[in-house]
Amino acid sequence: MSTTATTIDGAVPPKAGPRAFIDRLRDGDEVAHVITLVFAATILLITSLLVYELWVNSHLSRAKFGWAFFWTSTWDPIFDHFGAAPFIYGTLVTSILSLIIAVPLGLAAAVFLAELAPRNLSDSIAFLIDLLAAVPSVIYGLLGIFIVVPLMRTVVGPALKHTLGFLPLFQGPNYGVGFLTASIVLAIMIVPFIISVSREVLLTVPREQREAALALGATRWEATWQVVVPWARTGIMGSIFLALARALGETMAVTMVIGNDPKIRESLFAAGYTIAAVIANEFTEATGDLYLSALIELGLVLFLMTFILNGLARILIVATERGGGHPS
Amino acid sequence: MSRVRLLWRKSLNAVMLTLTGVAAFAVVSVLFLILGYLIWNGGRSLNWDFFTQLPKPVGEEGGGMANAIVGSLKLLLLAAVMGLPIGLISGVYLAEFGGKTFSFVVRYTTDLLNGVPSIVIGIFAYSLAVLPVKHFSALAGGVALGIMVIPITVRSSEEFLRAIPGSLREGAMALGASKWRTIATVVLPAASGGILTGMLLSLARVAGETAPLLFTAFSNRFWSPGWGQPIASLPVMIYTYAIAPYDDWHRQAWAAGLILLGLVLLANLGCRLALRGRGMGRS
């Protein structure tokens with residue numbers, strides 16, 4: 001309770017100077033304060049050390065390739081030539097495609113849970129969805145390999161080719177592994193996050209907003225879609241950013257179904273590669289110093305991407321919850 | 001307003017609302033699909049050998065994952081020893097001592113650390129604990145998982161400490177207890193149930209992590225005595241076995257998946273139900 005803490009601190013006027021500090025150390029409170037403070041500072045230390053290690057250990061690669069690292073598409077460990085373009089491409093394509101699948105589904109489910117379902121049912125379903133979010137990613141990968149990949153090869157892929165085959169996106173051979181499969185598995189993994197955060201945000205929308213819309217003659221759907229959802233817009237955006245950050249950094253499930261081929265291809269059936277997947281696959285085999293350094297630079301790129309997205313997401317969610325909390 | 005338009009609005013309403021319900025139940029059914037498929041496939045492959053035998057050499061059928069089960073437990077123990085104290089005590093700082101600016105920085109950094117992809121945590125643990133000694137070890141895996149435990153523990157500990165009413169603190173202080181005594185003998189015990197549950201949840205989360213272990217703990221097809229050698233773990237075994245071309249290995253991957261998911265979901269189920277009960281009791 002921050003309020004209690006301030007009143008109690010205020011009750012004893014703080015003395016000044018080093019003498020006074022030592023005096024205060026005697027009664028134990030200051031010692032406890034300092035000890036807990038040191039532990040809290042450890043977290044800052046760990047995080048800064050993380051950034052530092054990524055930066056220092058990617059030095060070789062940064063010095064050799066410079067900014068060209070980002071748009072070179074050769075990845076050739078034998079001749080020590082490394083470019084990140086195929087991995088950045090694969091990461092972006094799979095993440096964005098998974099959002100395209102997951103956002104409508106997640107948002108719809110969140111609307112159902114927050115607006116329509118009775119509170120008990122809504123809470124039970126939200127509980128199950130939280131469990132879904134706890135399933136380890138390697139399990140999703142396992143199911144991806146043995147369920148989604150065969151399904152893509154025999155049913156979904158041919159069907160897409162038949163109906164949308166005129167688009168370059170759905171051309172070329174379909175082996176079951178590739179961008180689309182990875183995106184589907186990713187979408188299944190991030191839907192729970194979109195639902196649970198969006199539901200929380202939707203529940204903070206004041207009831208008067210709904211009642212006013214309904215009183216004006218809007219149908220339930222119109223009240224939801226034209227009043228409630230716009231009210232919660234920023235928070236929902238936040239949940240999407242959070243999900244995107246997760247999709248970018250997801251490793252195991254993607255590695256197991258994307259095909260692991262460092263090429264930029266426009267077909268969604270084609271095999272690709274992502275930043276996280278290449279680190280997972282090649283880190284232990286990286287023989288040369290430059291090779292390892294290039295992989296660590298990829299890690300740095302991934303870190304920065306998720307860092308920016310998480311920061312934005314947090315700001316958005318906090319902004320809506322504050323805005324939603326006040327009657328205005 | 002024309003009748004056609006009203007009919008259109010009403011049917012749109014009905015269709016869209018039905019669709020939202022369908023979406024919700026579709027997502028939930030994925031959970032049961034996963035569970036059902038794992039129980040079906042894993043249950044068939046599970047036998048006593050799985051828990052008691054070492055993996056057989058490549059090409060031979062049979063064998064088990066006894067070393068990976070023990071390995072996962074050892075890694076979790078390391079993660080708990082390294083991560084939980086830092087998480088708990090930082091949580092105490094944020095809830096009981098923290099000022100404004102520094103607390104904000106700590107909270108923000110914690111959230112940031114929580115959002116770092118697990119594979120990047122793996123690189124970090126590699127550069128801390130593998131590069132200096134030039135070999136993979138259980139300890140390095142523990143460092144990776146320990147770092148991942150910290151942010152979750154901090155936030156849950158802080159939350160449960162804050163949920164303790166201020167009147168309890170004031171009561172203890174009015175009796176003459178100093179602040180740290182109040183925290184240690186009144187506030188922490190009152191919040192202990194929630195804090196422990198939060199800790200268990202954070203361990204359940206890292207129990208399924210694979211990516212940070214690939215190049216820290218690595219893997220091992222034999223027992224790994226002590227803490228300084230590469231060690232097998234269930235998630236890494238599932239990964240290696242699932243992408244291998246042998247049917248018998250796939251069978252074992254399913255069995256391992258069932259055990260891992262069973263443990264993680266049971267821990268989550270128990271913790272969340274316990275927390276829910278507390279939440280209701282409080283309000």
# chains A, B, ... in the order shown; residues from 1 in each chain; ligands from 1

$ interface_residues --of "chain B" --to "chain A" --cutoff "6 Å" --atoms "only C-alpha atoms" --output "list in words"
Asn13, Thr20, Gly21, Ala23, Ala24, Leu31, Ile86, Ile89, Ser90, Tyr93, Pro117, Val120, Phe124, Arg162, Lys179, Trp180, Gly208 and Phe215 of chain B

$ select_by_dssp --residues "stretch 79-221 of chain A" --states "alpha helix (DSSP H)" --output "ChimeraX atom specification"
/A:85-111,119-134,137-143,149-151,157-164,179-203,207-215,220-221

$ write_last_selection --atoms "C-alpha atoms" --output "compact mmCIF listing (two decimals), in the first residue's frame"
# COMPACT_ATOMS: atom_id res chain seq x y z
CA ALA A 85 17.37 -10.49 -44.84
CA PRO A 86 15.79 -13.97 -45.27
CA PHE A 87 15.34 -14.33 -41.52
CA ILE A 88 13.89 -10.87 -40.99
CA TYR A 89 11.57 -11.49 -43.93
CA GLY A 90 10.48 -14.88 -42.57
CA THR A 91 9.93 -13.48 -39.08
CA LEU A 92 7.83 -10.58 -40.35
CA VAL A 93 5.79 -12.67 -42.79
CA THR A 94 4.90 -15.39 -40.29
CA SER A 95 4.13 -12.92 -37.49
CA ILE A 96 1.93 -10.66 -39.59
CA LEU A 97 0.13 -13.57 -41.23
CA SER A 98 -0.52 -15.14 -37.84
CA LEU A 99 -2.02 -11.82 -36.69
CA ILE A 100 -4.29 -11.74 -39.74
CA ILE A 101 -5.61 -15.15 -38.69
CA ALA A 102 -5.64 -14.62 -34.94
CA VAL A 103 -6.96 -11.07 -34.53
CA PRO A 104 -10.49 -11.54 -35.96
CA LEU A 105 -10.86 -14.83 -34.12
CA GLY A 106 -9.50 -13.50 -30.85
CA LEU A 107 -11.41 -10.25 -30.97
CA ALA A 108 -14.67 -12.03 -31.75
CA ALA A 109 -14.16 -14.44 -28.89
CA ALA A 110 -13.28 -11.55 -26.53
CA VAL A 111 -16.45 -9.68 -27.55
CA ARG A 119 -20.44 -13.80 -16.16
CA ASN A 120 -20.04 -17.37 -14.91
CA LEU A 121 -19.66 -18.87 -18.36
CA SER A 122 -17.35 -16.04 -19.38
CA ASP A 123 -15.11 -16.61 -16.36
CA SER A 124 -14.95 -20.36 -16.93
CA ILE A 125 -14.05 -19.96 -20.58
CA ALA A 126 -11.46 -17.30 -19.77
CA PHE A 127 -10.02 -19.77 -17.26
CA LEU A 128 -9.69 -22.46 -19.94
CA ILE A 129 -8.13 -19.94 -22.30
CA ASP A 130 -5.55 -19.04 -19.65
CA LEU A 131 -4.70 -22.75 -19.47
CA LEU A 132 -4.28 -22.76 -23.22
CA ALA A 133 -1.76 -19.94 -22.86
CA ALA A 134 0.23 -22.11 -20.45
CA SER A 137 5.51 -24.10 -27.18
CA VAL A 138 7.30 -27.37 -27.89
CA ILE A 139 3.92 -29.12 -27.47
CA TYR A 140 2.44 -26.82 -30.12
CA GLY A 141 5.40 -27.75 -32.31
CA LEU A 142 4.77 -31.44 -31.76
CA LEU A 143 1.12 -31.09 -32.75
CA VAL A 149 1.71 -30.29 -41.53
CA PRO A 150 -0.12 -33.38 -42.93
CA LEU A 151 -3.37 -31.40 -42.96
CA GLY A 157 -2.98 -26.52 -49.31
CA PRO A 158 -4.71 -28.15 -52.29
CA ALA A 159 -7.97 -26.37 -51.42
CA LEU A 160 -6.24 -22.97 -51.34
CA LYS A 161 -4.46 -23.74 -54.59
CA HIS A 162 -7.74 -24.68 -56.20
CA THR A 163 -9.57 -21.51 -55.16
CA LEU A 164 -6.88 -18.84 -54.88
CA PHE A 179 5.33 -19.87 -44.01
CA LEU A 180 1.60 -20.62 -43.97
CA THR A 181 1.90 -23.65 -41.69
CA ALA A 182 4.12 -21.73 -39.28
CA SER A 183 1.65 -18.83 -39.28
CA ILE A 184 -1.28 -21.12 -38.48
CA VAL A 185 0.54 -22.70 -35.56
CA LEU A 186 1.62 -19.24 -34.36
CA ALA A 187 -1.95 -17.98 -34.64
CA ILE A 188 -3.19 -20.80 -32.43
CA MET A 189 -0.51 -19.88 -29.91
CA ILE A 190 -1.20 -16.14 -29.73
CA VAL A 191 -5.01 -16.22 -29.78
CA PRO A 192 -5.23 -16.84 -26.01
CA PHE A 193 -3.23 -13.66 -25.32
CA ILE A 194 -5.39 -11.53 -27.57
CA ILE A 195 -8.54 -12.90 -25.97
CA SER A 196 -7.56 -12.52 -22.36
CA VAL A 197 -6.15 -8.98 -22.65
CA SER A 198 -8.96 -7.74 -24.93
CA ARG A 199 -11.59 -9.22 -22.65
CA GLU A 200 -10.12 -7.40 -19.65
CA VAL A 201 -10.07 -4.15 -21.60
CA LEU A 202 -13.63 -4.58 -22.88
CA LEU A 203 -14.83 -5.24 -19.34
CA ARG A 207 -21.95 0.19 -18.73
CA GLU A 208 -23.58 3.54 -19.47
CA GLN A 209 -21.89 3.50 -22.87
CA ARG A 210 -23.72 0.32 -23.82
CA GLU A 211 -26.98 1.40 -22.27
CA ALA A 212 -26.93 4.73 -24.07
CA ALA A 213 -26.40 3.04 -27.42
CA LEU A 214 -29.13 0.48 -26.77
CA ALA A 215 -31.52 3.21 -25.58
CA ARG A 220 -26.72 -5.42 -29.55
CA TRP A 221 -24.15 -5.85 -32.31

$ atom_distance --atom1 "atom CA of A:Asn260" --atom2 "atom CA of B:Gly122"
19.7 Å

$ atom_distance --atom1 "atom CA of B:Ala255" --atom2 "atom CA of B:Val30"
19.6 Å
